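Novice: The structure under discussion is supplied below as structure tokens; questions concerning it will follow.
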Amino acid sequence: MAENKNVKWFVAKTRAKQEKSVAQQILDAGVESFLPIRTEIKDWHDRKKKVETVLIPNTVFIHAEKEEAISLHNDKGIQISFLRDMTGINKNQLLVIPDTQMNDFIRFLKITENECQVEPQALYLEGDKVIVKDGPFKGIIGDLVRLDGKNKVLVRLDNLIACSVQISLDSVEKIKDII
């Protein structure tokens with residue numbers, strides 16, 4: 001069977017804690033998707049339990065032609081948005097993960113099983129514009145800075161004042177990447 005060159009891996013964002021449901025909706029629509037999951041053992045004071053945890057929060061990978069991927073939201077009503085490529089010649093187009101990278105990623109996750117650790121700090125650079133997604137600072141837009149190895153969000157009022165607060169990278173996202 002000939003490989004369809006127009007089928008690509010797109011990165012879709014979901015609402016919080018909706019990744020599994022959205023991935024199933026995409027599969028039910030007849031479109032291939034990938035949701036990286038790992039099994040963790042959670043230790044409560046009275047018991048231990050195996051729990052499936054989403055490796056990349058709020059993210060599902062969709063393998064389809066661009067029009068088919070977009071129709072999942074527009075025609076099928078699946079609650080997703082797509083990341084945009086903010087670099088290079090494809091600037092402001094839907095972010096596409098090359099097949100070789102995606103296949104390597106899937107293979108890596110299968111081989112490493114539960115040994116894989118997410119390194120969110122590798123996705124951010126000093127000065128990235130971010131928005132706080134949750135907590136008491138939800139909605140605040142600022143620059144991401146690192147001081148003494150700790151992640152801080154800096155809010156600046158031009159020529160007046162700059163304030164920073166230590167915050168987890170799980171609580172922020174780059175604002176220029178989401179459509």
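Just so we're on the same page: first chain in the structure tokens is A, next is B, and so on; residues restart at 1 for each chain, and ligands are numbered from 1 in the order they show up.
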Would you please give, as a PyMOL selection string, all residues of stretch 5-120 of chain A that DSSP assigns to alpha helix (DSSP H) based on the backbone?

Specialist: chain A and resi 19-28+66-74+99-112

Novice: Which residues come within 7 Å of A:Phe10, counting only C-alpha atoms, excluding same-chain residues fewer than 2 positions away, as an mmCIF file with N, CA and C atoms, in the first residue's frame?

Specialist:
data_model
loop_
_atom_site.group_PDB
_atom_site.id
_atom_site.type_symbol
_atom_site.label_atom_id
_atom_site.label_comp_id
_atom_site.auth_asym_id
_atom_site.auth_seq_id
_atom_site.Cartn_x
_atom_site.Cartn_y
_atom_site.Cartn_z
ATOM 1 N N LYS A 8 -0.051 13.687 8.204
ATOM 2 C CA LYS A 8 1.011 14.203 9.073
ATOM 3 C C LYS A 8 0.584 14.084 10.536
ATOM 4 N N ALA A 12 -2.498 18.475 19.072
ATOM 5 C CA ALA A 12 -3.754 19.091 19.504
ATOM 6 C C ALA A 12 -3.749 19.259 21.016
ATOM 7 N N PHE A 61 -1.812 13.659 20.010
ATOM 8 C CA PHE A 61 -1.225 13.722 18.681
ATOM 9 C C PHE A 61 -2.210 13.107 17.691
ATOM 10 N N ILE A 62 -2.416 13.780 16.565
ATOM 11 C CA ILE A 62 -3.376 13.337 15.554
ATOM 12 C C ILE A 62 -2.631 13.064 14.256
ATOM 13 N N HIS A 63 -2.861 11.858 13.689
ATOM 14 C CA HIS A 63 -2.212 11.453 12.439
ATOM 15 C C HIS A 63 -3.263 11.467 11.335
ATOM 16 N N LEU A 95 1.472 23.145 13.689
ATOM 17 C CA LEU A 95 2.718 22.464 14.013
ATOM 18 C C LEU A 95 2.632 21.020 13.555
ATOM 19 N N VAL A 96 3.621 20.580 12.800
ATOM 20 C CA VAL A 96 3.690 19.208 12.305
ATOM 21 C C VAL A 96 4.927 18.555 12.904
ATOM 22 N N ILE A 97 4.730 17.370 13.478
ATOM 23 C CA ILE A 97 5.849 16.581 13.981
ATOM 24 C C ILE A 97 6.254 15.633 12.856
#

Novice: Which residue out of A:Leu169, A:Val60, A:Val132, A:Ile175 has the minimum interatomic distance to A:Ile26 when only C-alpha atoms are used?

Specialist: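 Comparing A:Leu169, A:Val60, A:Val132, A:Ile175 against A:Ile26, the winner is A:Val60.
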
Novice: Where does DSSP see strand (DSSP E) in stretch 6-35 of chain A, if you list the residues as JSON, numbers by chain?

Specialist: {"A": [8, 9, 10, 11, 12, 13, 32, 33, 34]}

Novice: So how many Å separate atom CA of A:Asp28 and atom CA of A:Ala64, to one decimal?

Specialist: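 Atom-to-atom, atom CA of A:Asp28 to atom CA of A:Ala64, that is 13.9 Å.
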
Novice: Could you work out how far atom CA of A:Val11 lies from atom CA of A:Ile131, giving the answer in Å with one decimal?

Specialist: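 Interatomic distance here is 19.2 Å.
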
Novice: Would you pick out the contacts of stretch 32-43 of chain A at 10 Å or less, using only C-alpha atoms, so that residues sharing its chain but fewer than 2 positions from it are not included, and give the list as a PyMOL selection string?

Specialist: chain A and resi 9-12+19-20+22-30+45-64+69+102+105-106+109-110+112-117

Novice: Out of A:Asp170, A:Ile70, A:Asp99, A:Val31, which residue has the shortest atom-to-atom distance to A:Asp134 when counting only C-alpha atoms?

Specialist: A:Asp170
